[in-house]
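Trainee: Handing over query26.txt, compact mmCIF, C-alpha atoms and all ligand atoms.
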```
# COMPACT_ATOMS: atom_id res chain seq x y z
CA MET D 221 115.42 91.10 113.11
CA ARG D 222 114.48 92.50 109.73
CA PRO D 223 116.27 91.04 106.69
CA PRO D 224 118.76 93.49 105.08
CA PHE D 225 116.51 94.59 102.19
CA PRO D 226 118.41 97.81 101.30
CA GLN D 227 121.69 95.86 101.07
CA ARG D 228 120.07 93.22 98.84
CA LEU D 229 118.73 95.92 96.54
CA ALA D 230 122.16 97.59 96.46
CA ARG D 231 123.81 94.31 95.46
CA LEU D 232 121.24 93.84 92.71
CA ARG D 233 121.90 97.37 91.41
CA ALA D 234 125.61 96.58 91.18
CA LEU D 235 124.76 93.49 89.12
CA LEU D 236 122.46 95.54 86.89
CA GLN D 237 125.21 98.03 86.25
CA ALA D 238 127.66 95.26 85.42
CA SER D 239 125.12 93.87 82.93
CA GLY D 240 124.67 97.26 81.27
CA LEU D 241 121.13 97.70 82.59
CA ASP D 242 119.57 100.88 84.01
CA ALA D 243 116.73 99.11 85.81
CA CYS D 244 114.91 95.81 86.03
CA VAL D 245 111.47 94.48 86.79
CA THR D 246 110.40 91.32 88.56
CA LEU D 247 107.02 89.68 88.97
CA HIS D 248 108.40 86.56 90.62
CA ARG D 249 107.01 86.35 94.17
CA PRO D 250 110.08 84.86 95.88
CA ASN D 251 112.29 87.53 94.27
CA ILE D 252 109.96 90.32 95.41
CA LEU D 253 109.83 88.87 98.93
CA TYR D 254 113.62 88.62 99.02
CA LEU D 255 114.23 92.15 97.78
CA CYS D 256 111.65 94.18 99.70
CA GLY D 257 109.77 91.88 102.11
CA PHE D 258 106.36 91.87 100.42
CA SER D 259 104.66 88.47 100.65
CA GLY D 260 101.35 89.19 98.89
CA SER D 261 100.30 87.20 95.84
CA SER D 262 99.96 90.03 93.36
CA ALA D 263 102.80 92.49 92.84
CA ALA D 264 105.40 93.85 90.46
CA LEU D 265 108.69 95.37 91.58
CA LEU D 266 110.66 97.93 89.61
CA ILE D 267 114.28 98.37 90.68
CA GLU D 268 115.69 101.73 89.61
CA PRO D 269 119.21 103.14 89.99
CA ARG D 270 118.33 105.05 93.16
CA GLY D 271 115.13 103.50 94.39
CA ALA D 272 112.62 100.75 93.94
CA ARG D 273 108.84 100.78 93.61
CA LEU D 274 106.41 98.02 94.41
CA PHE D 275 103.11 97.98 92.54
CA THR D 276 100.23 96.11 94.12
CA ASP D 277 96.47 96.44 94.43
CA ASN D 278 94.10 97.71 97.09
CA ARG D 279 93.70 94.33 98.81
CA TYR D 280 97.31 94.58 99.90
CA ALA D 281 97.50 98.25 100.95
CA ILE D 282 97.76 97.51 104.69
CA GLN D 283 100.02 94.52 104.25
CA ALA D 284 102.37 96.37 101.90
CA ALA D 285 102.66 99.33 104.29
CA ASP D 286 103.61 96.87 107.02
CA GLU D 287 105.96 94.57 105.10
CA VAL D 288 107.77 96.59 102.46
CA HIS D 289 111.18 98.08 103.24
CA GLY D 290 113.62 99.71 100.86
CA ALA D 291 110.97 100.38 98.20
CA SER D 292 108.11 102.83 97.79
CA VAL D 293 104.62 101.40 97.33
CA GLY D 294 102.17 102.22 94.57
CA ILE D 295 98.59 101.01 95.08
CA VAL D 296 97.18 100.44 91.63
CA GLN D 297 93.66 100.15 90.32
CA GLY D 298 93.80 98.10 87.15
CA SER D 299 96.84 96.47 85.62
CA LEU D 300 100.07 96.50 87.63
CA LEU D 301 102.07 96.13 84.43
CA VAL D 302 100.44 99.15 82.81
CA ALA D 303 101.14 101.22 85.93
CA MET D 304 104.75 100.11 85.94
CA GLY D 305 105.04 100.69 82.21
CA ASN D 306 103.69 104.21 82.59
CA ARG D 307 106.26 104.99 85.23
CA LEU D 308 109.04 103.76 82.96
CA GLN D 309 107.68 105.85 80.13
CA GLN D 310 107.67 108.94 82.34
CA ALA D 311 111.25 108.24 83.37
CA GLY D 312 112.01 108.63 79.67
CA ILE D 313 115.64 109.00 78.73
CA ARG D 314 116.91 108.18 82.21
CA LEU D 315 115.90 104.52 82.06
CA ARG D 316 116.54 103.14 78.61
CA ARG D 317 117.80 99.61 79.12
CA VAL D 318 115.52 97.62 81.39
CA GLY D 319 115.97 93.98 82.35
CA TYR D 320 113.13 91.49 82.67
CA GLU D 321 113.06 87.90 83.84
CA ALA D 322 112.36 85.92 80.69
CA SER D 323 111.69 82.73 82.64
CA GLN D 324 109.08 84.40 84.89
CA LEU D 325 107.14 86.62 82.50
CA SER D 326 104.48 85.26 80.15
CA VAL D 327 104.50 86.33 76.52
CA GLN D 328 101.23 88.17 77.15
CA GLN D 329 102.62 90.03 80.18
CA PHE D 330 105.71 91.01 78.25
CA LYS D 331 103.62 92.36 75.37
CA GLN D 332 101.50 94.37 77.80
CA LEU D 333 104.57 95.84 79.47
CA ARG D 334 106.19 96.74 76.17
CA LYS D 335 103.03 98.41 74.97
CA ALA D 336 102.76 100.48 78.17
CA THR D 337 106.37 101.68 78.08
CA GLY D 338 106.37 102.60 74.43
CA GLU D 339 109.31 102.53 72.02
CA ARG D 340 111.90 104.22 74.21
CA VAL D 341 112.68 101.37 76.56
CA ARG D 342 114.98 98.63 75.32
CA TRP D 343 114.04 95.39 77.04
CA GLN D 344 116.79 92.91 77.76
CA PRO D 345 116.40 89.48 79.34
CA ALA D 346 118.21 89.39 82.69
CA HIS D 347 119.15 85.86 83.62
CA SER D 348 118.86 84.78 87.24
CA LEU D 349 120.33 87.94 88.76
CA VAL D 350 118.15 87.83 91.86
CA GLU D 351 118.34 84.03 91.97
CA GLY D 352 122.13 84.34 92.07
CA LEU D 353 121.90 86.58 95.12
CA ARG D 354 119.32 84.34 96.78
CA ALA D 355 121.57 81.30 96.37
CA VAL D 356 123.98 82.66 98.98
CA LYS D 357 122.16 82.76 102.29
CA ASP D 358 122.89 85.20 105.10
CA HIS D 359 123.08 84.34 108.76
CA GLY D 360 119.40 85.10 109.40
CA GLU D 361 118.27 82.95 106.49
CA ILE D 362 120.36 79.99 107.63
CA GLY D 363 118.83 80.33 111.10
CA LEU D 364 115.32 80.17 109.61
CA MET D 365 116.23 77.20 107.43
CA LYS D 366 117.63 75.38 110.40
CA ALA D 367 114.34 75.88 112.23
CA ALA D 368 112.37 74.68 109.15
CA ALA D 369 114.59 71.58 108.88
CA ALA D 370 114.11 70.81 112.57
CA LEU D 371 110.34 71.15 112.15
CA GLY D 372 110.29 68.78 109.16
CA SER D 373 112.46 66.30 111.05
CA ARG D 374 110.10 66.39 114.05
CA ALA D 375 107.08 65.81 111.80
CA PHE D 376 108.80 62.70 110.42
CA GLU D 377 109.54 61.41 113.91
CA GLN D 378 105.98 62.10 115.06
CA VAL D 379 104.36 60.01 112.32
CA LEU D 380 106.64 56.98 112.79
CA PRO D 381 104.17 55.31 115.23
CA LEU D 382 101.42 55.64 112.59
CA ILE D 383 103.34 53.64 109.98
CA LYS D 384 101.46 50.39 110.50
CA PRO D 385 99.91 47.89 108.10
CA GLY D 386 96.49 49.12 106.97
CA ILE D 387 97.17 52.86 106.79
CA ARG D 388 96.69 54.44 103.37
CA GLU D 389 99.28 56.60 101.61
CA PHE D 390 97.07 59.69 101.57
CA GLU D 391 96.21 59.28 105.26
CA LEU D 392 99.88 59.30 106.18
CA ALA D 393 100.50 62.31 103.91
CA ALA D 394 97.66 64.17 105.65
CA GLU D 395 99.05 63.29 109.09
CA ILE D 396 102.44 64.69 108.11
CA GLU D 397 101.01 67.94 106.75
CA TYR D 398 98.73 68.35 109.77
CA ARG D 399 101.66 68.01 112.14
CA MET D 400 103.77 70.46 110.19
CA ARG D 401 100.95 73.01 110.31
CA ARG D 402 100.45 72.46 114.02
CA MET D 403 104.10 73.22 114.62
CA GLY D 404 103.80 76.55 112.83
CA ALA D 405 104.53 75.81 109.18
CA ILE D 406 102.54 78.02 106.82
CA GLY D 407 102.11 74.98 104.60
CA PRO D 408 103.89 72.12 102.86
CA ALA D 409 106.71 73.20 100.54
CA PHE D 410 105.42 70.71 97.95
CA GLU D 411 102.85 67.94 97.73
CA THR D 412 103.99 65.46 100.39
CA ILE D 413 105.20 62.19 98.88
CA VAL D 414 104.18 58.95 100.57
CA ALA D 415 104.81 55.68 98.73
CA PHE D 416 104.45 52.09 99.86
CA GLY D 417 106.00 48.91 98.47
CA GLU D 418 106.52 48.80 94.72
CA ARG D 419 105.22 52.39 94.48
CA CYS D 420 108.51 53.52 96.09
CA ALA D 421 110.03 53.02 92.64
CA LEU D 422 108.27 56.25 91.57
CA PRO D 423 110.57 59.10 92.68
CA HIS D 424 107.61 61.53 92.69
CA ALA D 425 104.80 59.22 93.78
CA ARG D 426 101.55 61.03 94.50
CA PRO D 427 99.86 59.56 97.62
CA SER D 428 97.16 57.08 96.62
CA GLY D 429 94.61 54.94 98.46
CA ARG D 430 97.08 52.06 98.57
CA ARG D 431 97.20 50.43 102.03
CA LEU D 432 100.47 49.52 103.70
CA ARG D 433 101.23 45.83 104.13
CA LYS D 434 103.79 44.10 106.29
CA ASN D 435 107.30 43.65 104.86
CA GLU D 436 107.23 46.70 102.65
CA LEU D 437 109.32 49.78 102.02
CA VAL D 438 107.91 53.21 102.84
CA VAL D 439 109.28 56.41 101.28
CA LEU D 440 108.30 59.74 102.86
CA ASP D 441 109.43 62.98 101.21
CA LEU D 442 108.18 66.03 103.06
CA GLY D 443 108.81 69.75 103.16
CA ALA D 444 107.56 72.53 105.39
CA ILE D 445 107.58 76.27 104.82
CA LEU D 446 108.42 78.09 108.02
CA GLN D 447 108.62 81.89 107.89
CA HIS D 448 108.86 81.64 104.08
CA TYR D 449 111.82 79.21 104.07
CA CYS D 450 111.55 75.60 102.92
CA CYS D 451 112.97 72.36 104.16
CA ASP D 452 113.04 69.14 102.16
CA LEU D 453 113.51 65.77 103.83
CA THR D 454 113.22 62.17 102.63
CA ARG D 455 113.41 59.04 104.70
CA THR D 456 112.87 55.43 103.70
CA VAL D 457 111.83 52.92 106.36
CA TYR D 458 110.98 49.23 106.26
CA VAL D 459 107.92 47.71 107.90
CA GLY D 460 109.14 44.39 109.18
CA ARG D 461 112.62 42.94 109.00
CA ALA D 462 114.33 44.06 105.83
CA PRO D 463 115.71 41.35 103.53
CA ALA D 464 119.43 41.38 102.72
CA ARG D 465 118.89 42.87 99.26
CA ILE D 466 116.98 45.88 100.67
CA ARG D 467 119.58 46.38 103.40
CA GLY D 468 122.29 46.31 100.74
CA TRP D 469 120.52 48.96 98.68
CA TYR D 470 119.93 51.12 101.73
CA GLN D 471 123.59 50.99 102.75
CA ALA D 472 124.63 51.83 99.19
CA VAL D 473 122.35 54.91 99.09
CA LEU D 474 123.58 55.98 102.51
CA GLU D 475 127.18 55.58 101.37
CA ALA D 476 126.41 57.58 98.21
CA GLN D 477 124.90 60.38 100.28
CA SER D 478 127.88 60.37 102.61
CA ALA D 479 130.27 60.60 99.63
CA ALA D 480 128.30 63.58 98.31
CA ARG D 481 128.36 65.20 101.76
CA HIS D 482 132.11 64.83 102.06
CA THR D 483 132.68 66.23 98.56
CA LEU D 484 130.36 69.19 99.13
CA ARG D 485 132.31 72.34 100.00
CA ALA D 486 132.93 75.84 98.64
CA GLY D 487 134.90 75.75 95.40
CA VAL D 488 133.78 72.37 94.04
CA THR D 489 131.16 72.18 91.29
CA GLY D 490 127.64 70.78 91.49
CA SER D 491 128.72 68.20 88.95
CA GLN D 492 131.55 66.96 91.21
CA VAL D 493 129.14 66.41 94.11
CA ASP D 494 126.72 64.58 91.81
CA GLU D 495 129.55 62.43 90.48
CA ALA D 496 130.67 61.49 94.00
CA ALA D 497 127.23 60.03 94.80
CA ARG D 498 126.85 58.40 91.40
CA ASN D 499 130.27 56.72 91.61
CA VAL D 500 129.34 54.93 94.83
CA LEU D 501 126.11 53.61 93.34
CA ARG D 502 127.98 52.49 90.19
CA LYS D 503 130.43 50.64 92.40
CA HIS D 504 127.47 48.79 93.93
CA ARG D 505 126.12 48.11 90.40
CA LEU D 506 123.15 50.36 91.13
CA GLY D 507 124.20 53.28 88.92
CA ARG D 508 121.43 52.73 86.36
CA PHE D 509 118.78 52.82 89.10
CA PHE D 510 119.76 56.35 90.20
CA THR D 511 117.62 58.26 87.74
CA HIS D 512 117.67 61.86 88.97
CA SER D 513 120.24 64.42 90.06
CA THR D 514 121.88 64.41 93.51
CA GLY D 515 120.43 67.65 94.85
CA HIS D 516 119.11 71.16 94.40
CA GLY D 517 119.31 74.53 96.04
CA LEU D 518 116.74 75.28 98.72
CA GLY D 519 115.48 78.53 100.24
CA LEU D 520 112.40 80.64 99.56
CA GLU D 521 111.65 78.05 96.87
CA VAL D 522 111.99 74.31 97.18
CA HIS D 523 113.96 74.05 93.95
CA GLU D 524 116.39 76.87 93.30
CA ASP D 525 120.05 77.49 92.47
CA PRO D 526 122.52 75.85 92.66
CA ARG D 527 121.87 72.39 91.22
CA LEU D 528 123.92 69.33 92.05
CA ALA D 529 123.75 67.59 88.69
CA ALA D 530 125.87 66.49 85.73
CA GLY D 531 127.01 69.46 83.65
CA GLN D 532 126.84 71.99 86.53
CA THR D 533 130.26 73.60 86.21
CA GLN D 534 129.73 76.66 88.40
CA LYS D 535 131.60 76.56 91.69
CA LEU D 536 129.57 76.23 94.87
CA GLN D 537 129.88 79.06 97.37
CA THR D 538 129.93 79.27 101.15
CA SER D 539 126.35 79.61 102.46
CA ASN D 540 124.65 77.91 99.53
CA VAL D 541 121.98 75.59 100.95
CA VAL D 542 121.38 72.39 99.01
CA THR D 543 119.72 69.00 99.37
CA LEU D 544 121.66 65.75 99.12
CA GLU D 545 119.25 63.09 97.90
CA PRO D 546 120.61 60.08 96.06
CA GLY D 547 118.22 57.19 95.50
CA VAL D 548 117.68 53.90 93.71
CA TYR D 549 114.42 52.95 92.02
CA VAL D 550 113.73 49.44 90.81
CA GLU D 551 110.53 48.97 88.86
CA GLY D 552 108.19 46.37 90.33
CA VAL D 553 110.22 46.13 93.56
CA GLY D 554 110.53 49.52 95.24
CA GLY D 555 112.91 52.35 95.87
CA ILE D 556 115.07 54.03 98.47
CA ARG D 557 115.91 57.71 98.83
CA ILE D 558 117.67 59.53 101.67
CA GLU D 559 117.54 63.32 101.58
CA ASP D 560 119.03 65.91 103.90
CA ASP D 561 119.55 69.67 103.72
CA ALA D 562 123.09 71.01 103.93
CA VAL D 563 124.84 74.38 104.18
CA VAL D 564 128.00 74.73 102.08
CA THR D 565 131.06 75.92 104.02
CA PRO D 566 134.78 76.06 103.18
CA GLY D 567 135.08 72.74 105.05
CA GLU D 568 132.65 70.04 106.14
CA ALA D 569 129.03 70.77 105.16
CA GLN D 570 126.64 71.69 107.97
CA ILE D 571 123.62 69.37 107.97
CA LEU D 572 120.35 71.06 108.96
CA THR D 573 117.94 68.11 109.02
CA THR D 574 118.06 66.16 112.24
CA ALA D 575 115.99 63.00 111.59
CA GLN D 576 117.80 59.71 112.11
CA ARG D 577 119.44 58.49 108.92
CA GLY D 578 120.11 54.77 109.52
CA LEU D 579 117.64 52.10 108.32
CA LEU D 580 114.59 52.01 110.56
CA GLU D 581 112.72 48.72 110.72
CA LEU D 582 109.30 49.28 112.22
ZN ZN R 601 112.40 65.96 98.82
ZN ZN R 602 114.55 67.57 97.13
```
Could you spell out this file's structure in structure tokens?
Mentor:
Amino acid sequence: MRPPFPQRLARLRALLQASGLDACVTLHRPNILYLCGFSGSSAALLIEPRGARLFTDNRYAIQAADEVHGASVGIVQGSLLVAMGNRLQQAGIRLRRVGYEASQLSVQQFKQLRKATGERVRWQPAHSLVEGLRAVKDHGEIGLMKAAAALGSRAFEQVLPLIKPGIREFELAAEIEYRMRRMGAIGPAFETIVAFGERCALPHARPSGRRLRKNELVVLDLGAILQHYCCDLTRTVYVGRAPARIRGWYQAVLEAQSAARHTLRAGVTGSQVDEAARNVLRKHRLGRFFTHSTGHGLGLEVHEDPRLAAGQTQKLQTSNVVTLEPGVYVEGVGGIRIEDDAVVTPGEAQILTTAQRGLLEL
């Protein structure tokens, strides 16, 4: 079933009106994909009061005709921004106040656009309007994210037999990405993280040539993109029989994640969920080893709104999809992170990732 592009555009127009804008432009690929279905790598979308126009180049003529709904398509030779600017200039008095995404446009692109539109248009930064819409998933999106999460979980389960002393971090990362691709993912959602032993203390370890030894921790953080939607999953396993200290840390992280999961619901803030996880780790005297935020929104991008972090005072809404990923990182020793993907509801959160969560000793 086709995503409801015209409804998404209509909701954006209502937001534009409320912000005192006549139109807005976006160059951000996930926003363009969300609003009109175009997945090509070079495009600009102009959203007008009664229509929308996608500008792209000749390479994408066939693809745009096939994918785009709710917007007209302009195939441009030369600069997309100049073509869009010219259209705005022709619209003249009708479109005076135009929003742009300050966080997505380079200074050079903005200058080019302003030059092409001339003096008439008043440019105003529009903050996260499309991102705000994207943060609340519809039924179809949640279905796709569930499938992506199941795929990521299966990839994790499939590589478990390969986690044996002697394998290198980058070999295991390649095995994970290969399996995700074989199951239909269009690619990894981010560079797969594989860390062994003391390298687990690096929350964003890049796979190295380090070989796995017996009696070591292994952190795997993987994400697949399936039909444009991302999953994000982390599991920590132990090769051998885990010592009491490691078991204690693992249970504490698991308890922190469970506290976050039980706090997560529509109406609470991202900061409250973060605090719930952090409190548990403080109670276990591990608070200072939890060095990042508890989670992030997930969807067409692997990091999007809303954030589960200190200072996030906006209330979460039903059908936000977020990760829950507390961790502890101890320099020179190792680290533990457990990450799952969850849909916010008015009650108990719906967990999308299906991989086993208890401590696995291989
Ligand atoms: Zn992750
Ligand atoms: Zn994550």
Trainee: May I have the residues within 10 Å of ligand ZN 601 (chain R), computed using only C-alpha atoms and all ligand atoms, as a short mmCIF file (atom, residue, chain, number, x, y, z; two decimals) with C-alpha atoms, keeping the file's coordinate frame?
Mentor:
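See out.cif below for the written result:
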```
data_model
loop_
_atom_site.label_atom_id
_atom_site.label_comp_id
_atom_site.auth_asym_id
_atom_site.auth_seq_id
_atom_site.Cartn_x
_atom_site.Cartn_y
_atom_site.Cartn_z
CA ALA D 409 106.71 73.20 100.54
CA PHE D 410 105.42 70.71 97.95
CA GLU D 411 102.85 67.94 97.73
CA THR D 412 103.99 65.46 100.39
CA ILE D 413 105.20 62.19 98.88
CA PRO D 423 110.57 59.10 92.68
CA HIS D 424 107.61 61.53 92.69
CA LEU D 440 108.30 59.74 102.86
CA ASP D 441 109.43 62.98 101.21
CA LEU D 442 108.18 66.03 103.06
CA GLY D 443 108.81 69.75 103.16
CA CYS D 451 112.97 72.36 104.16
CA ASP D 452 113.04 69.14 102.16
CA LEU D 453 113.51 65.77 103.83
CA THR D 454 113.22 62.17 102.63
CA ARG D 455 113.41 59.04 104.70
CA GLY D 515 120.43 67.65 94.85
CA HIS D 516 119.11 71.16 94.40
CA VAL D 522 111.99 74.31 97.18
CA HIS D 523 113.96 74.05 93.95
CA THR D 543 119.72 69.00 99.37
CA LEU D 544 121.66 65.75 99.12
CA GLU D 545 119.25 63.09 97.90
CA ARG D 557 115.91 57.71 98.83
CA ILE D 558 117.67 59.53 101.67
CA GLU D 559 117.54 63.32 101.58
CA ASP D 560 119.03 65.91 103.90
CA ASP D 561 119.55 69.67 103.72
#
```
Trainee: Env of Ala370 (chain D): 6 Å cut, atoms = only C-alpha atoms, seq-sep filter 3 positions within chain, self excluded. Answer as a list in words.
Mentor: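 Counting only the stated atoms, we get Ala367, Ser373 and Thr573 of chain D.
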Trainee: Put those residues in a file: C-alpha atoms, as a PDB file, in the frame of the given file.
Mentor:
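Saved to again.pdb:
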```pdb
ATOM      1  CA  ALA D 367     114.340  75.880 112.230  1.00  0.00           C
ATOM      2  CA  SER D 373     112.460  66.300 111.050  1.00  0.00           C
ATOM      3  CA  THR D 573     117.940  68.110 109.020  1.00  0.00           C
TER       4      THR D 573
END
```
Trainee: Could you pull out every residue with an atom within 10 Å of (100.2, 66.3, 105.9), file coordinates, counting all atoms listed in the file, and send them as a list in words?
Mentor: Ala375, Val379, Phe390, Glu391, Leu392, Ala393, Ala394, Glu395, Ile396, Glu397, Tyr398, Arg399, Met400, Arg401, Gly407, Pro408, Glu411, Thr412, Ile413, Val414, Leu442, Gly443 and Ala444 of chain D
Trainee: Check the smallest atom-to-atom distance from each of D:Gly487, D:Gly271, D:Pro250, D:Gly319 to Leu235 (chain D) using all atoms listed in the file, then report the winner.
Mentor: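 For Leu235 (chain D), the nearest of the candidates is D:Gly319.
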Trainee: Please list as a ChimeraX atom specification every residue within 6 Å of Ala486 (chain D), counting only C-alpha atoms and excluding residues in the same chain fewer than 6 positions away.
Mentor: /D:536-538,565-566
Trainee: Might I get the box with edges along x, y and z of the file that holds all atoms of region 380-391 of chain D listed there, padded by 3 Å on every side, given as centre and edge lengths in Å to one decimal, as JSON?
Mentor:
```
{"center_x": 101.4, "center_y": 53.8, "center_z": 108.4, "size_x": 16.4, "size_y": 17.8, "size_z": 19.7}
```
Trainee: Applying 12 Å and all atoms listed in the file, which residues near Gln471 (chain D) remain after dropping the ones on its own chain fewer than 5 positions away? List them as an NGL selection string.
Mentor: :D and (456 or 462 or 464-466 or 476-478 or 500-501 or 504 or 506 or 546-548 or 556-558 or 577-580)
